[in-house]
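Okay, structure first, notes after.
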Amino acid sequence: MEKSFPLHECHVNKVTIIINRTHAILHSIAILFLIHYRLSFFFQHPQNITIPTLPWLLIFVSELILSFAWFLQQACRWRPVYRNVFPERLPVDDKLPAIDVFICTADPKKEPSVEVMNTMISAMALDYPPEKLHVYISDDAGSDATLRCTKEAWNFAKYWVPFRRKYGLLTACPDVYFSSSEDDNGDYKGSEFKAERKKMEEKYEVLKQGLRKIVEGHFTTNVAINNTRDHPTIIEVINKEEDKVKMPQLIYVSREKKPSHNHNFKAGALNVLLRVSAMISNSSYILILDCDMYCNDPTSARKAMCFYCDSQTPSSLAFVQFPQTFRNISQDDIYDNQIRFAFKVHWYGFDGVGGPIISGSNFYIKREALLGSFNKQQDYMALKRLFGPSNDFIKTLVEDYKPRFIKDGESSRMSLENANILASCSYENQTVWGSKVGFLYFSVAENYFTGLNLHRKGWKSVYLNPERQQFLGTSTTNLNDSLIQWTRWTSGPVTVALSRFCPLTYGSLKMSLVQVLCYSELAFMPLLNCLSLWGFAIIPQLCLFNGIPLYPKVSDPNFNIFSVILVSSILKSLYEVVTTGEQLKVWRNEWRIWMMRSVTCYTYGCFDVILNKLGMKEATFLPTNKVTDDEQVKLYEMGVFDFRTATVFLAPLVTVILINIAAFVGAVVKALVVDDDGDQYWEKMFGQMFLSFFILISNFAVIEGMIIRRDKAKIPLSSTLWSVVFSMFILLIGSVILC
């Protein structure tokens, strides 16, 4: 018997593992010394205690919280693995499984139709048998403009898809292809290719103009405002007629929405697509894409199938996750939009202990993992209680069931009628959709909670990050959108952390301890960071303002404990930045944005969760604004912060900076002018002075926006004045309470 070659391979980087574990051990020892130093304070004789107990206790708690957050992070560094695939070894096209592609859009105002249609066209241009590829676009706004744009984009795709296939283009997205300076002409450079390319580019320009006209005309009517939350089901198969060129099937879906029904955000839309697609194509595998996440490389489907089609892959593999990468990242990525720590560090560690979480987009998932596996002997009534009353949908759950949608016209009509019922807002009543099957509804971060439950049931996942970017999205280019996005990303996992589904207690069924800690790190990270950072940003500064030392003197051997912990943290983060191919300024930007997020969006995201738990606020889902502003983009590319955001975000940020300025300047003045023994004061207060100086120098951009800059994107005077009031209040009241 001929030996079959593996379709993928996994590498364990032993050098990285040794470095990570050695650092973890040494850093842990330093933290134990710090805990011993702090605890010894409480066992002193009362007469020897010269420092107030409350600030000492508060800074100790902040240190414990940050240490616990660091401990959880080590799980993601315990066993990083790296994977390669060999798509050239895949079986012939006839033996490849079918794939459904789900693209979700929710707001045509915030999600430009040109980007959404580019995502749809790029999905249709994947290097995969067209008869086995089905693209579904979910329009949660029920916008007539999106339907019309979909039809326009289909007319262009009939030319673009064959053009990409004919010349073997490496880029599936037309917008990226025509705007890129890179040479992506396949093996063709002749006059015929150049002539066809020019015609194709002209067709694309006509498409863009047509899409913009449709959207502009749509928003001049009242229906554009009224039907977003109240509209009927619309399902339309765009390419019904027989075409000369084989094309993937394209289906537009807008589920029914009524103000009286909870629509469960993106998870609800995905579950509707699961049901509707079962009636039309019922493919075994599904690619989930955000509406702005283009298929950059057309080979991602074949790369994913290298895992599913490999006989060495266990049947428990649920999904293959690709990283989220963005086409508009500047060289000085001041908002850390590339999320390097996740896609270049943590996800490799996740992969080594059971697989990464679902990351919201760019993943191929097995339908069986979301719905379960059933046979013909299954009790249909029991299935109806789980999945709803549709007999036709229950049939699709049976293994090897294939719809007759394309071959039989009457079946096509009936399938669409059934699909309309499955997309109604009342269909999920009295079922387990969103609680036990499909994408789960408990949290607005459906990706995190669904991934946790899949891994808890024993499913596995893998992370694949090929050298060529498989998907390209559009990131935020201003501080306001970035903070709003991270506030939403914060509230989802924290909701799970502060519930009965907390991964520390809920996730241990079929997950390893290290994988449980990985999930816990993501769930608790915002809460732990905001609590500890507020402590470090205020408590030592209040004590510095009042001349109370919280750290050992420089001459005290215990001072080395804090020095070692600081240097160890900085060197390890620098090592990870350099080994992931980034420059040192990335390290600076990540530290700064981490501090900013901790006192703003992490804090507000946690507050949202607490208010929701108390029944004082409903969960909300705000789509990220994808509309680009030329002025904001220019500032972002220049590495200049755009502070045109809400005062609710600016006030805590500026307040922290003002408190640190007051404490640091006051300490310097006291050491140089007031105190008779300045050298002793410097030695006693050096730790707190250094901490304030480090915070100020790391966040100099805030000081610059508040005092130096005069452009429109500076920090508004009103926000600064409010922050002055807040900082004075904290300095006065805090000094009374702590000292």
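Within each chain, counting starts at residue 1; across the structure tokens, chains are named A, B, ... in the order shown, with ligands numbered 1 upward in that order.
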
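Of the residues in stretch 426-540 of chain A, those that DSSP places in strand (DSSP E) on the basis of the backbone are Lys460, Ser461, Val462, Tyr463, Phe471 and Leu472 of chain A.
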
Hey, which bits of stretch 291-370 of chain A sit within 9 Å of stretch 83-96 of chain A, and for each residue what's the closest pair of atoms and how far apart in Å (one decimal), counting only C-alpha atoms, rows by chain and increasing number, as JSON lines?
{"residue": "A:Thr299", "atom": "CA", "partner": "A:Pro87", "partner_atom": "CA", "distance": 8.4}
{"residue": "A:Arg302", "atom": "CA", "partner": "A:Pro87", "partner_atom": "CA", "distance": 5.8}
{"residue": "A:Lys303", "atom": "CA", "partner": "A:Pro87", "partner_atom": "CA", "distance": 5.6}
{"residue": "A:Ala304", "atom": "CA", "partner": "A:Val85", "partner_atom": "CA", "distance": 8.4}
{"residue": "A:Met305", "atom": "CA", "partner": "A:Leu90", "partner_atom": "CA", "distance": 7.9}
{"residue": "A:Cys306", "atom": "CA", "partner": "A:Pro87", "partner_atom": "CA", "distance": 6.0}
{"residue": "A:Phe307", "atom": "CA", "partner": "A:Val85", "partner_atom": "CA", "distance": 8.0}
{"residue": "A:Cys309", "atom": "CA", "partner": "A:Leu90", "partner_atom": "CA", "distance": 7.5}
{"residue": "A:Asp310", "atom": "CA", "partner": "A:Leu90", "partner_atom": "CA", "distance": 8.5}

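In terms of minimum interatomic distance to A:Trp594, A:Tyr335 ranks closest within A:Phe559, A:Trp459, A:Tyr335, A:Phe690, counting only C-alpha atoms.
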
A:Leu287, A:Val514, A:Ala423, A:Leu133 ranked by distance to A:His231, top pick (using only C-alpha atoms): A:Ala423

With a distance cut-off of 6 Å and only C-alpha atoms, select the neighbouring residues of stretch 604-610 of chain A, excluding the residue or stretch itself and same-chain residues fewer than 4 positions from it, and output the selection as number ranges by chain. A: 487, 490-491, 495

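Using only C-alpha atoms for every distance, the candidate list A:Ser718, A:Asn391, A:Asn282, A:Thr119 yields A:Asn282 as the residue closest to A:Ile99.
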
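With atom CA of A:Gln378 on one side and atom CA of A:Thr396 on the other, the separation reads 12.5 Å.
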
The residue from A:Thr431, A:Asn480, A:Ser475, A:Thr450 with the smallest atom-to-atom distance to A:Asn328, counting only C-alpha atoms, is A:Ser475

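The residue that comes closest to A:Pro549, out of A:Tyr348, A:Phe71, A:Trp56, A:Phe102 and on the basis of only C-alpha atoms, is A:Trp56.
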
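For A:Ile251, the residues within 7 Å (counting only C-alpha atoms, excluding itself and residues fewer than 6 positions away along the chain) are A:Val135, A:Tyr136, A:Ile137, A:Glu236, A:Val237, A:Ile238.
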
May I have the selected residues written with N, CA, C and O atoms, as a CSV table (one decimal), in the first residue's frame?
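Output saved as out.csv:
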chain,number,residue,atom,x,y,z
A,135,VAL,N,-21.5,31.4,-1.1
A,135,VAL,CA,-21.2,32.6,-0.3
A,135,VAL,C,-22.6,33.2,0.2
A,135,VAL,O,-23.5,33.5,-0.7
A,136,TYR,N,-22.7,33.5,1.5
A,136,TYR,CA,-23.9,34.0,2.1
A,136,TYR,C,-23.5,35.4,2.7
A,136,TYR,O,-22.6,35.5,3.4
A,137,ILE,N,-24.3,36.4,2.3
A,137,ILE,CA,-24.1,37.7,2.9
A,137,ILE,C,-25.3,38.1,3.8
A,137,ILE,O,-26.4,38.1,3.3
A,236,GLU,N,-32.6,35.9,-1.0
A,236,GLU,CA,-32.6,35.9,-2.5
A,236,GLU,C,-31.3,35.3,-3.0
A,236,GLU,O,-30.2,35.7,-2.6
A,237,VAL,N,-31.5,34.3,-3.8
A,237,VAL,CA,-30.4,33.7,-4.5
A,237,VAL,C,-30.0,34.6,-5.7
A,237,VAL,O,-30.8,34.7,-6.6
A,238,ILE,N,-28.8,35.1,-5.7
A,238,ILE,CA,-28.5,36.1,-6.7
A,238,ILE,C,-28.3,35.5,-8.1
A,238,ILE,O,-28.7,36.0,-9.1

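Proximity of A:Asp332, A:Glu576, A:Glu368, A:Asp292 to A:Ala278, computed with only C-alpha atoms, is greatest for A:Glu368.
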
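Between atom CA of A:Phe643 and atom CA of A:Arg588 the interatomic distance comes to 18.9 Å.
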
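By chain and then residue number, the residues within 9 Å of A:Arg367 are Leu274, Asn282, Ser283, Ser284, Tyr285, Ile286, Ala318, Gly372 and Gly438 of chain A, counting only C-alpha atoms and disregarding those fewer than 5 positions away in sequence.
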
Go ahead and dump the residues you just picked, C-alpha atoms, as an mmCIF file, in the first residue's frame.
data_model
loop_
_atom_site.group_PDB
_atom_site.id
_atom_site.type_symbol
_atom_site.label_atom_id
_atom_site.label_comp_id
_atom_site.auth_asym_id
_atom_site.auth_seq_id
_atom_site.Cartn_x
_atom_site.Cartn_y
_atom_site.Cartn_z
ATOM 1 C CA LEU A 274 -26.555 28.218 9.804
ATOM 2 C CA ASN A 282 -25.540 22.383 3.845
ATOM 3 C CA SER A 283 -21.768 22.365 3.417
ATOM 4 C CA SER A 284 -19.715 20.488 5.992
ATOM 5 C CA TYR A 285 -17.387 23.442 6.602
ATOM 6 C CA ILE A 286 -18.004 27.149 7.055
ATOM 7 C CA ALA A 318 -13.555 21.951 15.260
ATOM 8 C CA GLY A 372 -23.885 18.072 16.539
ATOM 9 C CA GLY A 438 -24.943 27.189 17.212
#

Exercise: A:Ser719 partners within 9 Å, only C-alpha atoms, chain neighbours under 5 positions left out, as a PDB file with N, CA, C and O atoms, in the first residue's frame:
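File written: selection32.pdb
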ATOM      1  N   ALA A 646     -14.801  61.330  23.082  1.00  0.00           N
ATOM      2  CA  ALA A 646     -15.695  61.778  24.144  1.00  0.00           C
ATOM      3  C   ALA A 646     -14.910  62.108  25.413  1.00  0.00           C
ATOM      4  O   ALA A 646     -13.889  61.485  25.724  1.00  0.00           O
ATOM      5  N   THR A 647     -15.425  63.088  26.159  1.00  0.00           N
ATOM      6  CA  THR A 647     -14.799  63.474  27.431  1.00  0.00           C
ATOM      7  C   THR A 647     -14.754  62.301  28.395  1.00  0.00           C
ATOM      8  O   THR A 647     -13.843  62.197  29.225  1.00  0.00           O
ATOM      9  N   VAL A 648     -15.723  61.400  28.278  1.00  0.00           N
ATOM     10  CA  VAL A 648     -15.761  60.252  29.165  1.00  0.00           C
ATOM     11  C   VAL A 648     -14.515  59.385  29.006  1.00  0.00           C
ATOM     12  O   VAL A 648     -14.092  58.694  29.953  1.00  0.00           O
ATOM     13  N   LEU A 650     -11.484  60.839  27.680  1.00  0.00           N
ATOM     14  CA  LEU A 650     -10.343  61.718  27.926  1.00  0.00           C
ATOM     15  C   LEU A 650     -10.170  62.059  29.405  1.00  0.00           C
ATOM     16  O   LEU A 650      -9.042  62.175  29.888  1.00  0.00           O
ATOM     17  N   ALA A 651     -11.279  62.233  30.122  1.00  0.00           N
ATOM     18  CA  ALA A 651     -11.198  62.698  31.514  1.00  0.00           C
ATOM     19  C   ALA A 651     -10.351  61.789  32.402  1.00  0.00           C
ATOM     20  O   ALA A 651      -9.440  62.278  33.097  1.00  0.00           O
ATOM     21  N   VAL A 654      -6.535  62.066  31.220  1.00  0.00           N
ATOM     22  CA  VAL A 654      -5.876  63.329  31.567  1.00  0.00           C
ATOM     23  C   VAL A 654      -5.771  63.488  33.074  1.00  0.00           C
ATOM     24  O   VAL A 654      -4.774  64.020  33.587  1.00  0.00           O
ATOM     25  N   VAL A 724      -8.813  68.701  35.570  1.00  0.00           N
ATOM     26  CA  VAL A 724      -8.188  69.476  36.653  1.00  0.00           C
ATOM     27  C   VAL A 724      -9.046  69.384  37.909  1.00  0.00           C
ATOM     28  O   VAL A 724      -8.541  69.174  39.023  1.00  0.00           O
TER      29      VAL A 724
END

Residues of stretch 420-613 of chain A classed as helix (DSSP H, G or I) by DSSP on the backbone are to be reported as a ChimeraX atom specification. /A:420-422,446-456,479-497,503-506,513-545,559-579,584-599,601-613
